[in-house]
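J.: Structure file start_13.cif, mmCIF, C-alpha atoms, is pasted below:
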data_model
loop_
_atom_site.label_atom_id
_atom_site.label_comp_id
_atom_site.auth_asym_id
_atom_site.auth_seq_id
_atom_site.Cartn_x
_atom_site.Cartn_y
_atom_site.Cartn_z
CA SER A 1 27.49 -6.03 -13.31
CA GLN A 2 24.65 -4.27 -15.02
CA THR A 3 24.57 -0.53 -15.55
CA ILE A 4 22.12 1.79 -17.21
CA HIS A 5 23.03 5.07 -18.83
CA GLN A 6 20.95 8.01 -19.91
CA TRP A 7 21.90 11.12 -21.78
CA PRO A 8 21.80 13.94 -21.79
CA ALA A 9 21.50 14.58 -18.07
CA THR A 10 19.77 17.91 -18.59
CA LEU A 11 18.23 19.55 -21.62
CA VAL A 12 16.56 22.87 -22.31
CA GLN A 13 14.62 23.00 -25.55
CA PRO A 14 12.26 25.51 -27.18
CA VAL A 15 8.67 24.63 -27.91
CA GLY A 16 8.33 23.02 -31.30
CA SER A 17 11.85 21.62 -31.41
CA PRO A 18 12.61 17.91 -31.78
CA LEU A 19 13.75 15.64 -28.98
CA SER A 20 15.89 12.56 -28.68
CA LEU A 21 16.75 10.98 -25.34
CA GLU A 22 18.85 7.87 -25.23
CA CYS A 23 19.06 5.02 -22.76
CA THR A 24 21.48 2.11 -22.91
CA VAL A 25 21.91 -0.89 -20.67
CA GLU A 26 25.12 -2.82 -20.17
CA GLY A 27 25.77 -6.21 -18.68
CA THR A 28 22.52 -7.97 -19.55
CA SER A 29 20.76 -9.35 -22.60
CA ASN A 30 17.16 -9.08 -23.78
CA PRO A 31 15.97 -6.83 -20.98
CA ASN A 32 12.55 -5.29 -20.72
CA LEU A 33 12.97 -1.54 -21.09
CA TYR A 34 10.79 1.25 -19.80
CA TRP A 35 10.42 5.01 -20.15
CA TYR A 36 8.82 6.93 -17.29
CA ARG A 37 8.08 10.61 -16.89
CA GLN A 38 7.99 12.40 -13.60
CA ALA A 39 6.32 15.80 -13.80
CA ALA A 40 6.52 18.37 -11.01
CA GLY A 41 4.60 16.73 -8.21
CA ARG A 42 6.68 13.57 -8.11
CA GLY A 43 4.33 10.94 -9.56
CA LEU A 44 5.88 8.46 -11.99
CA GLN A 45 4.00 7.82 -15.20
CA LEU A 46 4.90 4.90 -17.44
CA LEU A 47 5.14 6.14 -21.02
CA PHE A 48 6.48 3.19 -23.02
CA TYR A 49 7.77 -0.30 -22.50
CA SER A 50 9.55 -2.75 -24.74
CA ILE A 51 10.03 -6.49 -24.48
CA GLY A 52 12.37 -6.73 -27.46
CA ILE A 53 13.92 -5.05 -30.48
CA GLY A 54 11.33 -3.13 -32.43
CA GLN A 55 8.56 -4.02 -29.96
CA ILE A 56 7.14 -0.92 -28.33
CA SER A 57 3.97 -0.51 -26.32
CA SER A 58 2.57 2.86 -25.42
CA GLU A 59 0.81 3.36 -22.13
CA VAL A 60 -0.67 6.79 -22.73
CA PRO A 61 -1.42 8.82 -25.85
CA GLN A 62 0.97 11.68 -26.14
CA ASN A 63 3.33 13.76 -28.14
CA LEU A 64 6.22 11.32 -27.72
CA SER A 65 7.38 8.13 -29.41
CA ALA A 66 9.87 5.44 -28.53
CA SER A 67 12.10 3.12 -30.49
CA ARG A 68 14.36 0.20 -29.71
CA PRO A 69 16.85 -0.17 -32.54
CA GLN A 70 19.14 -2.50 -30.59
CA ASP A 71 18.64 -4.96 -27.77
CA ARG A 72 20.01 -2.67 -25.10
CA GLN A 73 19.14 0.73 -26.54
CA PHE A 74 15.90 2.58 -25.95
CA ILE A 75 15.22 6.00 -27.47
CA LEU A 76 12.52 8.51 -26.60
CA SER A 77 11.68 11.03 -29.30
CA SER A 78 9.42 13.85 -30.27
CA LYS A 79 9.06 15.75 -33.53
CA LYS A 80 7.72 18.89 -31.85
CA LEU A 81 8.01 19.49 -28.14
CA LEU A 82 5.20 20.98 -26.10
CA LEU A 83 5.47 22.89 -22.84
CA SER A 84 3.75 19.98 -21.14
CA ASP A 85 6.61 17.67 -22.13
CA SER A 86 8.80 19.23 -19.46
CA GLY A 87 9.74 16.81 -16.73
CA PHE A 88 12.19 14.27 -15.47
CA TYR A 89 12.52 11.25 -17.75
CA LEU A 90 13.65 7.97 -16.31
CA CYS A 91 14.65 4.84 -18.16
CA ALA A 92 14.50 1.48 -16.42
CA TRP A 93 15.14 -2.18 -17.16
CA ASP A 94 14.34 -5.55 -15.72
CA LEU A 95 14.77 -9.16 -16.74
CA THR A 96 12.39 -10.60 -19.27
CA GLY A 97 9.52 -12.77 -18.10
CA ASN A 98 9.89 -12.46 -14.38
CA SER A 99 7.59 -10.03 -12.65
CA LYS A 100 9.21 -10.45 -9.26
CA ASN A 101 12.37 -8.75 -10.38
CA GLU A 102 12.77 -5.18 -9.38
CA GLN A 103 13.32 -2.56 -12.04
CA PHE A 104 16.64 -0.76 -12.16
CA PHE A 105 16.55 2.89 -13.01
CA GLY A 106 18.92 5.17 -14.84
CA PRO A 107 20.06 8.57 -13.58
CA GLY A 108 17.36 10.40 -15.53
CA THR A 109 17.18 13.33 -17.93
CA ARG A 110 15.73 16.60 -16.78
CA LEU A 111 13.95 18.26 -19.70
CA THR A 112 12.76 21.85 -19.66
CA VAL A 113 10.69 23.07 -22.56
CA LEU A 114 10.51 26.86 -22.84
CA ALA B 115 -7.26 -2.35 -11.93
CA GLN B 116 -4.25 -1.96 -9.72
CA LYS B 117 -3.82 1.10 -7.55
CA VAL B 118 -1.25 2.23 -5.01
CA THR B 119 -2.07 5.00 -2.54
CA GLN B 120 0.47 6.92 -0.51
CA ALA B 121 -1.72 9.35 1.36
CA GLN B 122 1.12 11.25 3.02
CA THR B 123 2.45 13.92 0.70
CA GLU B 124 5.24 15.11 2.98
CA ILE B 125 6.56 14.17 6.40
CA SER B 126 8.98 16.37 8.32
CA VAL B 127 10.92 15.03 11.27
CA VAL B 128 13.88 16.00 13.37
CA GLU B 129 16.94 13.80 13.19
CA LYS B 130 16.74 10.64 15.31
CA GLU B 131 12.95 10.53 15.24
CA ASP B 132 11.23 7.53 13.70
CA VAL B 133 9.12 8.00 10.60
CA THR B 134 6.53 5.64 9.12
CA LEU B 135 5.40 5.84 5.52
CA ASP B 136 2.03 4.39 4.64
CA CYS B 137 1.24 2.43 1.49
CA VAL B 138 -2.15 0.94 0.64
CA TYR B 139 -2.70 -1.03 -2.53
CA GLU B 140 -5.53 -2.50 -4.54
CA THR B 141 -5.31 -5.52 -6.80
CA ARG B 142 -7.48 -8.41 -7.92
CA ASP B 143 -4.50 -10.69 -8.40
CA THR B 144 -3.65 -13.26 -5.75
CA THR B 145 0.02 -13.21 -6.72
CA TYR B 146 1.76 -9.88 -6.81
CA TYR B 147 4.89 -8.09 -5.69
CA LEU B 148 5.33 -4.94 -3.68
CA PHE B 149 8.33 -2.64 -3.75
CA TRP B 150 9.73 0.41 -2.06
CA TYR B 151 12.07 2.80 -3.87
CA LYS B 152 13.97 5.82 -2.61
CA GLN B 153 14.52 8.90 -4.78
CA PRO B 154 17.18 11.19 -3.30
CA PRO B 155 17.59 14.77 -4.57
CA SER B 156 19.85 13.50 -7.35
CA GLY B 157 16.78 11.93 -8.95
CA GLU B 158 17.78 8.33 -9.50
CA LEU B 159 15.40 5.75 -8.03
CA VAL B 160 17.08 3.32 -5.67
CA PHE B 161 15.51 -0.07 -5.00
CA LEU B 162 14.99 -0.78 -1.29
CA ILE B 163 12.88 -3.91 -0.95
CA ARG B 164 10.66 -6.41 -2.75
CA ARG B 165 7.97 -8.48 -1.04
CA ASN B 166 5.77 -11.14 -2.63
CA SER B 167 2.13 -11.56 -1.73
CA PHE B 168 2.66 -14.92 -0.03
CA ASP B 169 5.29 -13.71 2.39
CA GLU B 170 3.82 -11.61 5.17
CA GLN B 171 6.85 -11.82 7.39
CA ASN B 172 8.05 -8.39 8.37
CA GLU B 173 11.57 -7.47 7.42
CA ILE B 174 14.24 -5.37 9.02
CA SER B 175 17.35 -4.07 7.31
CA GLY B 176 19.42 -1.82 9.50
CA ARG B 177 17.31 1.22 10.34
CA TYR B 178 14.67 0.25 7.79
CA SER B 179 11.73 -2.04 8.50
CA TRP B 180 8.67 -3.05 6.55
CA ASN B 181 5.27 -4.19 7.77
CA PHE B 182 3.23 -6.12 5.20
CA GLN B 183 -0.39 -6.81 6.18
CA LYS B 184 -2.37 -8.54 3.49
CA SER B 185 -5.61 -8.27 5.48
CA THR B 186 -5.49 -4.49 5.22
CA SER B 187 -3.66 -4.35 1.87
CA SER B 188 -0.89 -2.30 3.38
CA PHE B 189 2.87 -2.32 3.07
CA ASN B 190 4.22 0.31 5.43
CA PHE B 191 7.82 1.42 5.75
CA THR B 192 9.50 2.69 8.91
CA ILE B 193 12.80 4.48 9.22
CA THR B 194 14.13 4.26 12.75
CA ALA B 195 16.36 6.98 14.17
CA SER B 196 16.16 9.05 11.00
CA GLN B 197 19.18 10.82 9.58
CA VAL B 198 19.54 13.79 7.26
CA VAL B 199 20.63 11.42 4.47
CA ASP B 200 17.19 9.81 4.65
CA SER B 201 15.69 12.96 3.17
CA ALA B 202 14.18 11.83 -0.12
CA VAL B 203 10.97 10.93 -1.87
CA TYR B 204 9.89 7.36 -1.19
CA PHE B 205 7.72 5.41 -3.60
CA CYS B 206 5.68 2.31 -3.01
CA ALA B 207 4.94 0.18 -6.09
CA LEU B 208 2.97 -2.90 -7.10
CA SER B 209 3.75 -5.23 -10.00
CA GLU B 210 1.47 -7.28 -12.21
CA PRO B 211 2.09 -11.02 -12.14
CA SER B 212 2.24 -11.50 -15.89
CA TRP B 213 5.35 -9.43 -16.15
CA GLY B 214 7.05 -6.64 -14.42
CA LYS B 215 5.12 -3.44 -15.09
CA LEU B 216 5.11 -1.37 -11.93
CA GLN B 217 2.23 0.73 -10.62
CA PHE B 218 3.71 3.49 -8.48
CA GLY B 219 2.14 5.49 -5.71
CA ALA B 220 2.42 9.27 -5.76
CA GLY B 221 5.37 9.22 -3.37
CA THR B 222 6.01 10.66 0.08
CA GLN B 223 8.58 13.40 0.60
CA VAL B 224 10.56 12.84 3.80
CA VAL B 225 12.42 15.83 5.19
CA VAL B 226 14.82 15.18 8.04
CA THR B 227 16.26 18.25 9.71
CA PRO B 228 19.27 18.29 12.04
#
The structure in this file should be written as structure tokens.

T.:
Amino acid sequence: SQTIHQWPATLVQPVGSPLSLECTVEGTSNPNLYWYRQAAGRGLQLLFYSIGIGQISSEVPQNLSASRPQDRQFILSSKKLLLSDSGFYLCAWDLTGNSKNEQFFGPGTRLTVL
Amino acid sequence: AQKVTQAQTEISVVEKEDVTLDCVYETRDTTYYLFWYKQPPSGELVFLIRRNSFDEQNEISGRYSWNFQKSTSSFNFTITASQVVDSAVYFCALSEPSWGKLQFGAGTQVVVTP
């Protein structure tokens, strides 16, 4: 069966510090991968998506970047965190090329920037 | 452009009451998929249901039921005989036909008190 992992689960970082959040998927090959952010207020905002290794698309301009060094690994990074980067970050996957498939979400990382 | 509207920010009910969550969507596509997700306090999004645009048959799964009406672009969700464990944020989402990017609504917080 497929599973999706995210770490760390929680993170408190000072403004200006770097960030690296990791997401890995097990039990499937060539998934589409997604990073979402959920700020206080509950709405989910799609940040990045990837259809393959090294292929990243950004949905909104921001202080963050994403990379996909391996098929089932998706990394969210920042060189210098801002207060506005605080939020709940969710990674998700679905099967390539089939829009009817639901996305499966990881447990999330709660980031607080102080 | 696609849009999903969940006008109810929060609904509070007493245990055993029924609760209906509204979802209205906008899309120019004739083929699309609609989803409901549950986000309990732990944060992870849990998939509940997928419905394609050509299937307007209502669906019931235990205490959950969904009413899809294409004429009014609505996909409402009812929890019958609510329980405390139903307390969560519920998201409605719409996917593009080309591939699986999801457009989420803002979510509805359901609070069920004993």

J.: May I have the residues of chain A within 12 Å of chain B, counting all atoms listed in the file, written as a ChimeraX atom specification?

T.: /A:4-6,9-10,31-51,57,59,87-110

J.: My list of candidates is B:Gln122, B:Val133, B:Leu208, B:Thr141. Which is closest to B:Arg177 when distances are computed with all atoms listed in the file?

T.: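 Nearest candidate to B:Arg177 out of B:Gln122, B:Val133, B:Leu208, B:Thr141: B:Val133.
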
J.: Between A:Gly27, A:Pro61, A:Pro14, A:Gly52, which is the closest to A:Lys80 once you count only C-alpha atoms?

T.: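 Checking each candidate against A:Lys80, we get A:Pro14 as the closest.
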
J.: If we count all atoms listed in the file and set the cut-off at 12 Å, which residues sit around stretch 192-194 of chain B, ignoring sequence neighbours fewer than 3 positions away in its own chain? Please answer as a PyMOL selection string.

T.: chain B and resi 125+127-137+150+152+162+172-182+189+197-202+204+224+226

J.: Written as a PyMOL selection string, what is the full residue list that the PyMOL selection byres ((chain B and resi 116) around 6) yields on the file shown?

T.: chain B and resi 115+117+140-141

J.: Using only C-alpha atoms, can you tell me which of B:Pro154, B:Ala207, B:Thr186, B:Ser196 comes closest to B:Thr227?

T.: B:Ser196

J.: Find the residues around A:Leu81 up to 12 Å (only C-alpha atoms counted), leave out those fewer than 4 positions away in its own chain, and share them as JSON, numbers by chain.

T.: {"A": [12, 13, 14, 15, 16, 17, 18, 19, 20, 62, 63, 64, 65, 76, 77, 85, 86, 87, 111, 112, 113, 114]}

J.: Under the PyMOL selection byres ((chain A and resi 1) around 10), which residues of this model are included? Write them out as a list in words.

T.: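 On the file shown, the PyMOL selection byres ((chain A and resi 1) around 10) covers Gln2, Thr3, Glu26, Gly27 and Thr28 of chain A.
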
J.: Quick one: distance from atom CA of A:Arg72 to atom CA of A:Cys23 in Å, one decimal?

T.: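 Separation between atom CA of A:Arg72 and atom CA of A:Cys23: 8.1 Å.
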
J.: From the set B:Asn190, B:Val225, B:Ser167, B:Gln120, which residue has the shortest atom-to-atom contact distance to B:Thr144, counting all atoms listed in the file?

T.: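 With all atoms listed in the file as the atom set, the closest residue is B:Ser167.
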
J.: Separation of atom CA of A:Leu82 and atom CA of A:Val25, in Å?

T.: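 Computing it gives 28.1 Å between the two atoms.
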